[in-house]
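Raw input.txt, compact mmCIF, N, CA and C atoms:
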```txt
# COMPACT_ATOMS: atom_id res chain seq x y z
N ILE U 1 122.27 30.46 80.20
CA ILE U 1 121.87 31.08 81.45
C ILE U 1 122.08 30.09 82.57
N SER U 2 122.21 30.61 83.76
CA SER U 2 122.43 29.77 84.91
C SER U 2 121.57 30.28 86.05
N GLY U 3 121.08 29.37 86.87
CA GLY U 3 120.27 29.79 88.00
C GLY U 3 119.46 28.64 88.57
N ALA U 4 118.45 28.98 89.33
CA ALA U 4 117.58 27.98 89.94
C ALA U 4 116.79 27.26 88.84
N LYS U 5 116.53 25.97 89.04
CA LYS U 5 115.83 25.19 88.03
C LYS U 5 114.47 25.78 87.67
N THR U 6 113.75 26.25 88.66
CA THR U 6 112.42 26.83 88.37
C THR U 6 112.56 28.07 87.48
N ALA U 7 113.59 28.86 87.71
CA ALA U 7 113.82 30.05 86.88
C ALA U 7 114.23 29.66 85.46
N ILE U 8 115.04 28.63 85.34
CA ILE U 8 115.47 28.15 84.03
C ILE U 8 114.25 27.63 83.26
N ASP U 9 113.40 26.88 83.93
CA ASP U 9 112.19 26.36 83.28
C ASP U 9 111.29 27.51 82.81
N ARG U 10 111.17 28.53 83.63
CA ARG U 10 110.35 29.70 83.25
C ARG U 10 110.98 30.41 82.05
N ALA U 11 112.28 30.55 82.06
CA ALA U 11 112.98 31.19 80.94
C ALA U 11 112.77 30.40 79.65
N ALA U 12 112.77 29.08 79.75
CA ALA U 12 112.53 28.24 78.57
C ALA U 12 111.15 28.52 78.00
N GLY U 13 110.15 28.59 78.86
CA GLY U 13 108.79 28.89 78.42
C GLY U 13 108.69 30.26 77.77
N LEU U 14 109.33 31.25 78.38
CA LEU U 14 109.31 32.61 77.83
C LEU U 14 110.04 32.66 76.49
N ALA U 15 111.15 31.95 76.41
CA ALA U 15 111.91 31.95 75.15
C ALA U 15 111.06 31.37 74.02
N LYS U 16 110.40 30.26 74.28
CA LYS U 16 109.56 29.64 73.25
C LYS U 16 108.40 30.56 72.87
N ALA U 17 107.84 31.25 73.86
CA ALA U 17 106.74 32.18 73.59
C ALA U 17 107.19 33.36 72.73
N HIS U 18 108.48 33.63 72.74
CA HIS U 18 109.03 34.73 71.95
C HIS U 18 109.72 34.24 70.68
N GLY U 19 109.43 33.02 70.28
CA GLY U 19 109.91 32.53 69.00
C GLY U 19 111.22 31.78 68.99
N VAL U 20 111.80 31.54 70.15
CA VAL U 20 113.03 30.76 70.18
C VAL U 20 112.69 29.33 69.79
N ARG U 21 113.39 28.81 68.82
CA ARG U 21 113.08 27.47 68.31
C ARG U 21 113.70 26.35 69.14
N ARG U 22 114.83 26.66 69.75
CA ARG U 22 115.53 25.61 70.49
C ARG U 22 116.07 26.17 71.79
N PHE U 23 115.74 25.54 72.86
CA PHE U 23 116.23 25.89 74.20
C PHE U 23 116.73 24.59 74.79
N MET U 24 118.04 24.46 74.98
CA MET U 24 118.62 23.20 75.41
C MET U 24 119.19 23.30 76.82
N PRO U 25 118.49 22.76 77.81
CA PRO U 25 119.05 22.74 79.17
C PRO U 25 120.28 21.83 79.21
N LEU U 26 121.28 22.26 79.93
CA LEU U 26 122.48 21.45 80.08
C LEU U 26 122.36 20.58 81.32
N ASN U 27 122.82 19.37 81.22
CA ASN U 27 122.79 18.44 82.34
C ASN U 27 124.06 18.66 83.18
N VAL U 28 123.96 19.57 84.14
CA VAL U 28 125.10 19.89 84.99
C VAL U 28 124.74 19.60 86.45
N SER U 29 125.76 19.47 87.28
CA SER U 29 125.53 19.08 88.67
C SER U 29 125.28 20.25 89.62
N ALA U 30 125.48 21.47 89.14
CA ALA U 30 125.28 22.65 90.00
C ALA U 30 125.03 23.87 89.11
N PRO U 31 124.49 24.95 89.69
CA PRO U 31 124.24 26.17 88.92
C PRO U 31 125.50 27.02 88.82
N PHE U 32 126.49 26.52 88.06
CA PHE U 32 127.79 27.17 87.97
C PHE U 32 127.68 28.58 87.41
N HIS U 33 128.61 29.43 87.83
CA HIS U 33 128.79 30.78 87.30
C HIS U 33 127.58 31.69 87.52
N CYS U 34 126.96 31.56 88.69
CA CYS U 34 125.88 32.48 89.06
C CYS U 34 125.91 32.66 90.58
N ALA U 35 125.09 33.57 91.06
CA ALA U 35 125.08 33.92 92.49
C ALA U 35 124.75 32.74 93.40
N LEU U 36 124.08 31.71 92.88
CA LEU U 36 123.77 30.54 93.70
C LEU U 36 125.03 29.79 94.15
N MET U 37 126.15 30.07 93.51
CA MET U 37 127.41 29.41 93.86
C MET U 37 128.24 30.22 94.88
N LYS U 38 127.67 31.27 95.45
CA LYS U 38 128.41 32.10 96.40
C LYS U 38 128.99 31.30 97.56
N PRO U 39 128.28 30.35 98.16
CA PRO U 39 128.90 29.56 99.23
C PRO U 39 130.16 28.82 98.77
N ALA U 40 130.16 28.32 97.55
CA ALA U 40 131.34 27.65 97.02
C ALA U 40 132.47 28.65 96.79
N ALA U 41 132.13 29.85 96.32
CA ALA U 41 133.15 30.89 96.12
C ALA U 41 133.76 31.29 97.46
N ASP U 42 132.94 31.40 98.48
CA ASP U 42 133.45 31.74 99.82
C ASP U 42 134.39 30.66 100.33
N ALA U 43 134.02 29.41 100.12
CA ALA U 43 134.88 28.30 100.55
C ALA U 43 136.20 28.31 99.78
N MET U 44 136.14 28.61 98.49
CA MET U 44 137.36 28.67 97.70
C MET U 44 138.25 29.82 98.18
N ALA U 45 137.65 30.97 98.45
CA ALA U 45 138.42 32.12 98.94
C ALA U 45 139.13 31.77 100.25
N GLU U 46 138.43 31.09 101.13
CA GLU U 46 139.04 30.69 102.41
C GLU U 46 140.20 29.73 102.18
N ALA U 47 140.00 28.75 101.32
CA ALA U 47 141.07 27.78 101.04
C ALA U 47 142.27 28.46 100.39
N LEU U 48 142.02 29.35 99.43
CA LEU U 48 143.12 30.03 98.75
C LEU U 48 143.86 31.00 99.68
N SER U 49 143.18 31.51 100.70
CA SER U 49 143.85 32.42 101.63
C SER U 49 144.91 31.71 102.46
N LYS U 50 144.84 30.40 102.51
CA LYS U 50 145.76 29.61 103.32
C LYS U 50 146.96 29.08 102.55
N ILE U 51 147.01 29.36 101.26
CA ILE U 51 148.11 28.84 100.46
C ILE U 51 148.88 29.98 99.79
N SER U 52 150.08 29.66 99.39
CA SER U 52 150.91 30.61 98.67
C SER U 52 150.89 30.24 97.19
N VAL U 53 150.69 31.23 96.36
CA VAL U 53 150.71 31.01 94.91
C VAL U 53 151.89 31.80 94.36
N LYS U 54 152.71 31.15 93.56
CA LYS U 54 153.85 31.83 92.94
C LYS U 54 153.45 32.36 91.57
N ALA U 55 154.17 33.34 91.12
CA ALA U 55 153.93 33.87 89.77
C ALA U 55 154.18 32.74 88.76
N PRO U 56 153.29 32.57 87.80
CA PRO U 56 153.47 31.50 86.82
C PRO U 56 154.62 31.81 85.84
N ALA U 57 155.17 30.76 85.25
CA ALA U 57 156.23 30.94 84.25
C ALA U 57 155.67 31.58 82.98
N VAL U 58 154.42 31.32 82.70
CA VAL U 58 153.73 31.96 81.58
C VAL U 58 152.42 32.52 82.14
N PRO U 59 151.92 33.60 81.56
CA PRO U 59 150.67 34.16 82.08
C PRO U 59 149.52 33.17 82.00
N VAL U 60 148.62 33.27 82.97
CA VAL U 60 147.41 32.46 83.02
C VAL U 60 146.31 33.27 82.35
N VAL U 61 145.59 32.66 81.40
CA VAL U 61 144.49 33.38 80.78
C VAL U 61 143.29 33.27 81.71
N CYS U 62 142.90 34.39 82.25
CA CYS U 62 141.80 34.47 83.19
C CYS U 62 140.49 34.47 82.41
N ASN U 63 139.62 33.51 82.68
CA ASN U 63 138.41 33.41 81.87
C ASN U 63 137.26 34.30 82.32
N VAL U 64 137.42 35.08 83.38
CA VAL U 64 136.41 36.10 83.68
C VAL U 64 136.81 37.45 83.11
N LEU U 65 138.09 37.61 82.80
CA LEU U 65 138.57 38.85 82.19
C LEU U 65 138.86 38.68 80.70
N ALA U 66 139.09 37.44 80.29
CA ALA U 66 139.51 37.13 78.92
C ALA U 66 140.83 37.82 78.59
N GLN U 67 141.75 37.77 79.56
CA GLN U 67 143.08 38.32 79.32
C GLN U 67 144.08 37.62 80.24
N PRO U 68 145.34 37.66 79.86
CA PRO U 68 146.35 37.00 80.70
C PRO U 68 146.65 37.80 81.97
N ILE U 69 146.92 37.06 83.03
CA ILE U 69 147.32 37.67 84.31
C ILE U 69 148.51 36.88 84.86
N SER U 70 149.34 37.55 85.66
CA SER U 70 150.53 36.90 86.23
C SER U 70 150.69 37.12 87.73
N ASP U 71 150.03 38.13 88.26
CA ASP U 71 150.16 38.45 89.67
C ASP U 71 149.48 37.38 90.53
N PRO U 72 150.21 36.76 91.46
CA PRO U 72 149.63 35.69 92.28
C PRO U 72 148.37 36.10 93.04
N ASP U 73 148.35 37.31 93.61
CA ASP U 73 147.15 37.75 94.33
C ASP U 73 145.95 37.91 93.39
N GLU U 74 146.21 38.42 92.20
CA GLU U 74 145.12 38.55 91.24
C GLU U 74 144.64 37.19 90.76
N ILE U 75 145.54 36.26 90.58
CA ILE U 75 145.15 34.91 90.17
C ILE U 75 144.20 34.31 91.21
N LYS U 76 144.54 34.42 92.48
CA LYS U 76 143.67 33.89 93.53
C LYS U 76 142.31 34.59 93.52
N LYS U 77 142.33 35.91 93.39
CA LYS U 77 141.08 36.68 93.35
C LYS U 77 140.20 36.25 92.19
N ARG U 78 140.79 36.09 91.03
CA ARG U 78 140.01 35.74 89.84
C ARG U 78 139.52 34.29 89.86
N LEU U 79 140.27 33.40 90.50
CA LEU U 79 139.79 32.02 90.65
C LEU U 79 138.49 32.00 91.45
N VAL U 80 138.44 32.81 92.49
CA VAL U 80 137.22 32.90 93.30
C VAL U 80 136.10 33.53 92.47
N GLU U 81 136.44 34.58 91.75
CA GLU U 81 135.46 35.32 90.96
C GLU U 81 134.79 34.45 89.89
N GLN U 82 135.56 33.52 89.32
CA GLN U 82 134.99 32.72 88.23
C GLN U 82 133.94 31.73 88.71
N VAL U 83 133.88 31.45 89.99
CA VAL U 83 132.87 30.52 90.50
C VAL U 83 131.46 31.09 90.30
N THR U 84 131.31 32.40 90.51
CA THR U 84 130.00 33.03 90.35
C THR U 84 129.92 33.92 89.11
N GLY U 85 131.04 34.21 88.50
CA GLY U 85 131.07 35.14 87.38
C GLY U 85 130.87 34.49 86.02
N THR U 86 130.63 35.33 85.05
CA THR U 86 130.48 34.86 83.68
C THR U 86 131.84 34.45 83.13
N VAL U 87 131.90 33.28 82.57
CA VAL U 87 133.13 32.79 81.95
C VAL U 87 133.11 33.16 80.48
N ARG U 88 134.18 33.80 80.04
CA ARG U 88 134.24 34.31 78.67
C ARG U 88 135.05 33.38 77.77
N TRP U 89 134.49 32.20 77.53
CA TRP U 89 135.18 31.15 76.77
C TRP U 89 135.58 31.63 75.37
N ARG U 90 134.67 32.21 74.66
CA ARG U 90 134.97 32.62 73.28
C ARG U 90 136.10 33.63 73.22
N GLU U 91 136.06 34.64 74.09
CA GLU U 91 137.11 35.64 74.06
C GLU U 91 138.47 35.07 74.46
N CYS U 92 138.45 34.08 75.34
CA CYS U 92 139.71 33.45 75.77
C CYS U 92 140.31 32.66 74.62
```
Take the structure in the file and give it back as structure tokens.
Amino acid sequence: ISGAKTAIDRAAGLAKAHGVRRFMPLNVSAPFHCALMKPAADAMAEALSKISVKAPAVPVVCNVLAQPISDPDEIKKRLVEQVTGTVRWREC
């Protein structure tokens, strides 16, 4: 899960109260892949709007869709989306 530290701490307490044996907080520098990263996603969207992206020689596996994509506009859109979206590592 990702979010504000107070919410994560509360979730840990609730998980333990419901029998979860292990709850391991990750030591990360930001609340990646959640709504708290919207300002970063907005900044990325602005930066990507100023550059040209060419179609890749091989499809890029998009980790918010868990499927390959090749369209440059979609690649830019999905790069922004992954900042706040769920990353589907296993499916990729």
Smallest atom-to-atom distance to Ser70 (chain U): which of U:Ala12, U:Ile51, U:Ala40, U:Ala57, using all atoms listed in the file? U:Ala57
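Pairwise distance (atom C of Ala47 (chain U), CA of Cys34 (chain U)) equals 20.3 Å.
Using only C-alpha atoms, the smallest distance between any of U:Ile75, U:Met44, U:Met37, U:Ala17 and Ser2 (chain U) comes from U:Met37.
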Could you give me, as JSON, numbers by chain, the residues that have an atom at most 12 Å away from the point (122.9, 29.4, 86.5) in the coordinates of the file, using only C-alpha atoms? {"U": [1, 2, 3, 4, 5, 6, 7, 8, 9, 11, 25, 26, 27, 28, 29, 30, 31, 32, 33, 34, 35, 36, 37, 38, 83, 84, 85, 86, 87]}
Excluding Val60 (chain U) and any residue of its chain fewer than 5 positions from it, enumerate the residues within 10 Å of it, using only C-alpha atoms, and give them as a VMD selection string. chain U and resid 55 67 to 71 75
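If you look at CA of Gln82 (chain U) and CA of Asn63 (chain U), they are 7.3 Å away from each other.
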Once DSSP has gone over the backbone, tell me which residues of chain U are in helix (DSSP H, G or I), as a ChimeraX atom specification. /U:5-17,35-49,72-84
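When atom N of Val64 (chain U) is paired with atom N of Met24 (chain U), their separation reads 23.6 Å.
Nearest residue to Glu91 (chain U), choosing from U:Arg10, U:Ala45, U:Gly19, U:Ala66 and counting only N, CA and C atoms: U:Ala66.
In this comparison, which uses all atoms listed in the file, the residue of U:Arg21, U:Lys50, U:Lys16, U:Arg78 approaching Leu65 (chain U) most closely is U:Arg78.
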Enumerate as a PyMOL selection string all residues of chain U assigned to strand (DSSP E) by DSSP on the backbone, naming them with the chain letters and numbers the document uses. chain U and resi 60-62+67-69
Using all atoms of region 26-44 of chain U that appear in the file, construct an axis-aligned enclosing box with 4 Å of padding on every side and provide its centre coordinates and edge lengths in Å, rounded to one decimal, as lines of an AutoDock Vina configuration file.
```
center_x = 129.8
center_y = 26.2
center_z = 90.2
size_x = 25.0
size_y = 23.5
size_z = 28.6
```
Dump region 32-65 of chain U with N, CA and C atoms to a file, as a PDB file, in the first residue's frame.
```pdb
ATOM      1  N   PHE U  32       5.185   6.781  -3.593  1.00  0.00           N
ATOM      2  CA  PHE U  32       5.043   6.495  -5.017  1.00  0.00           C
ATOM      3  C   PHE U  32       3.753   5.747  -5.326  1.00  0.00           C
ATOM      4  N   HIS U  33       3.248   5.967  -6.530  1.00  0.00           N
ATOM      5  CA  HIS U  33       2.108   5.241  -7.086  1.00  0.00           C
ATOM      6  C   HIS U  33       0.821   5.435  -6.298  1.00  0.00           C
ATOM      7  N   CYS U  34       0.595   6.649  -5.824  1.00  0.00           N
ATOM      8  CA  CYS U  34      -0.672   6.985  -5.176  1.00  0.00           C
ATOM      9  C   CYS U  34      -0.987   8.453  -5.453  1.00  0.00           C
ATOM     10  N   ALA U  35      -2.176   8.869  -5.062  1.00  0.00           N
ATOM     11  CA  ALA U  35      -2.649  10.231  -5.346  1.00  0.00           C
ATOM     12  C   ALA U  35      -1.758  11.322  -4.757  1.00  0.00           C
ATOM     13  N   LEU U  36      -0.983  11.003  -3.720  1.00  0.00           N
ATOM     14  CA  LEU U  36      -0.093  12.008  -3.136  1.00  0.00           C
ATOM     15  C   LEU U  36       1.004  12.453  -4.117  1.00  0.00           C
ATOM     16  N   MET U  37       1.198  11.689  -5.173  1.00  0.00           N
ATOM     17  CA  MET U  37       2.221  12.017  -6.173  1.00  0.00           C
ATOM     18  C   MET U  37       1.661  12.842  -7.342  1.00  0.00           C
ATOM     19  N   LYS U  38       0.423  13.305  -7.239  1.00  0.00           N
ATOM     20  CA  LYS U  38      -0.192  14.066  -8.336  1.00  0.00           C
ATOM     21  C   LYS U  38       0.643  15.275  -8.752  1.00  0.00           C
ATOM     22  N   PRO U  39       1.212  16.062  -7.839  1.00  0.00           N
ATOM     23  CA  PRO U  39       2.054  17.176  -8.285  1.00  0.00           C
ATOM     24  C   PRO U  39       3.230  16.716  -9.152  1.00  0.00           C
ATOM     25  N   ALA U  40       3.821  15.586  -8.828  1.00  0.00           N
ATOM     26  CA  ALA U  40       4.923  15.058  -9.639  1.00  0.00           C
ATOM     27  C   ALA U  40       4.410  14.602 -11.000  1.00  0.00           C
ATOM     28  N   ALA U  41       3.226  13.992 -11.028  1.00  0.00           N
ATOM     29  CA  ALA U  41       2.637  13.562 -12.301  1.00  0.00           C
ATOM     30  C   ALA U  41       2.342  14.778 -13.182  1.00  0.00           C
ATOM     31  N   ASP U  42       1.838  15.839 -12.583  1.00  0.00           N
ATOM     32  CA  ASP U  42       1.564  17.067 -13.339  1.00  0.00           C
ATOM     33  C   ASP U  42       2.849  17.648 -13.919  1.00  0.00           C
ATOM     34  N   ALA U  43       3.909  17.647 -13.123  1.00  0.00           N
ATOM     35  CA  ALA U  43       5.199  18.161 -13.601  1.00  0.00           C
ATOM     36  C   ALA U  43       5.733  17.288 -14.740  1.00  0.00           C
ATOM     37  N   MET U  44       5.560  15.977 -14.620  1.00  0.00           N
ATOM     38  CA  MET U  44       6.015  15.086 -15.680  1.00  0.00           C
ATOM     39  C   MET U  44       5.213  15.323 -16.959  1.00  0.00           C
ATOM     40  N   ALA U  45       3.898  15.481 -16.823  1.00  0.00           N
ATOM     41  CA  ALA U  45       3.052  15.738 -17.991  1.00  0.00           C
ATOM     42  C   ALA U  45       3.492  17.018 -18.708  1.00  0.00           C
ATOM     43  N   GLU U  46       3.789  18.048 -17.929  1.00  0.00           N
ATOM     44  CA  GLU U  46       4.242  19.306 -18.525  1.00  0.00           C
ATOM     45  C   GLU U  46       5.570  19.123 -19.255  1.00  0.00           C
ATOM     46  N   ALA U  47       6.500  18.425 -18.631  1.00  0.00           N
ATOM     47  CA  ALA U  47       7.805  18.197 -19.261  1.00  0.00           C
ATOM     48  C   ALA U  47       7.665  17.360 -20.532  1.00  0.00           C
ATOM     49  N   LEU U  48       6.843  16.317 -20.475  1.00  0.00           N
ATOM     50  CA  LEU U  48       6.670  15.459 -21.645  1.00  0.00           C
ATOM     51  C   LEU U  48       5.937  16.173 -22.778  1.00  0.00           C
ATOM     52  N   SER U  49       5.121  17.162 -22.450  1.00  0.00           N
ATOM     53  CA  SER U  49       4.405  17.899 -23.496  1.00  0.00           C
ATOM     54  C   SER U  49       5.354  18.734 -24.351  1.00  0.00           C
ATOM     55  N   LYS U  50       6.547  18.969 -23.851  1.00  0.00           N
ATOM     56  CA  LYS U  50       7.518  19.807 -24.544  1.00  0.00           C
ATOM     57  C   LYS U  50       8.515  19.019 -25.389  1.00  0.00           C
ATOM     58  N   ILE U  51       8.401  17.703 -25.360  1.00  0.00           N
ATOM     59  CA  ILE U  51       9.358  16.895 -26.115  1.00  0.00           C
ATOM     60  C   ILE U  51       8.635  16.011 -27.132  1.00  0.00           C
ATOM     61  N   SER U  52       9.402  15.560 -28.087  1.00  0.00           N
ATOM     62  CA  SER U  52       8.886  14.647 -29.095  1.00  0.00           C
ATOM     63  C   SER U  52       9.374  13.241 -28.760  1.00  0.00           C
ATOM     64  N   VAL U  53       8.470  12.298 -28.803  1.00  0.00           N
ATOM     65  CA  VAL U  53       8.825  10.903 -28.571  1.00  0.00           C
ATOM     66  C   VAL U  53       8.562  10.145 -29.868  1.00  0.00           C
ATOM     67  N   LYS U  54       9.537   9.382 -30.311  1.00  0.00           N
ATOM     68  CA  LYS U  54       9.376   8.583 -31.524  1.00  0.00           C
ATOM     69  C   LYS U  54       8.879   7.191 -31.153  1.00  0.00           C
ATOM     70  N   ALA U  55       8.266   6.542 -32.102  1.00  0.00           N
ATOM     71  CA  ALA U  55       7.832   5.159 -31.883  1.00  0.00           C
ATOM     72  C   ALA U  55       9.071   4.301 -31.614  1.00  0.00           C
ATOM     73  N   PRO U  56       9.014   3.450 -30.603  1.00  0.00           N
ATOM     74  CA  PRO U  56      10.178   2.623 -30.286  1.00  0.00           C
ATOM     75  C   PRO U  56      10.390   1.518 -31.331  1.00  0.00           C
ATOM     76  N   ALA U  57      11.622   1.035 -31.421  1.00  0.00           N
ATOM     77  CA  ALA U  57      11.937  -0.068 -32.342  1.00  0.00           C
ATOM     78  C   ALA U  57      11.270  -1.359 -31.879  1.00  0.00           C
ATOM     79  N   VAL U  58      11.106  -1.494 -30.587  1.00  0.00           N
ATOM     80  CA  VAL U  58      10.378  -2.636 -30.012  1.00  0.00           C
ATOM     81  C   VAL U  58       9.333  -2.056 -29.053  1.00  0.00           C
ATOM     82  N   PRO U  59       8.216  -2.740 -28.878  1.00  0.00           N
ATOM     83  CA  PRO U  59       7.201  -2.203 -27.969  1.00  0.00           C
ATOM     84  C   PRO U  59       7.729  -2.041 -26.548  1.00  0.00           C
ATOM     85  N   VAL U  60       7.218  -1.025 -25.875  1.00  0.00           N
ATOM     86  CA  VAL U  60       7.539  -0.764 -24.478  1.00  0.00           C
ATOM     87  C   VAL U  60       6.465  -1.451 -23.642  1.00  0.00           C
ATOM     88  N   VAL U  61       6.876  -2.234 -22.645  1.00  0.00           N
ATOM     89  CA  VAL U  61       5.886  -2.857 -21.777  1.00  0.00           C
ATOM     90  C   VAL U  61       5.469  -1.824 -20.742  1.00  0.00           C
ATOM     91  N   CYS U  62       4.238  -1.422 -20.829  1.00  0.00           N
ATOM     92  CA  CYS U  62       3.683  -0.409 -19.944  1.00  0.00           C
ATOM     93  C   CYS U  62       3.298  -1.071 -18.627  1.00  0.00           C
ATOM     94  N   ASN U  63       3.856  -0.604 -17.526  1.00  0.00           N
ATOM     95  CA  ASN U  63       3.611  -1.286 -16.263  1.00  0.00           C
ATOM     96  C   ASN U  63       2.331  -0.869 -15.549  1.00  0.00           C
ATOM     97  N   VAL U  64       1.551   0.053 -16.095  1.00  0.00           N
ATOM     98  CA  VAL U  64       0.218   0.288 -15.532  1.00  0.00           C
ATOM     99  C   VAL U  64      -0.843  -0.500 -16.290  1.00  0.00           C
ATOM    100  N   LEU U  65      -0.511  -0.926 -17.503  1.00  0.00           N
ATOM    101  CA  LEU U  65      -1.425  -1.749 -18.295  1.00  0.00           C
ATOM    102  C   LEU U  65      -1.014  -3.217 -18.316  1.00  0.00           C
TER     103      LEU U  65
END
```
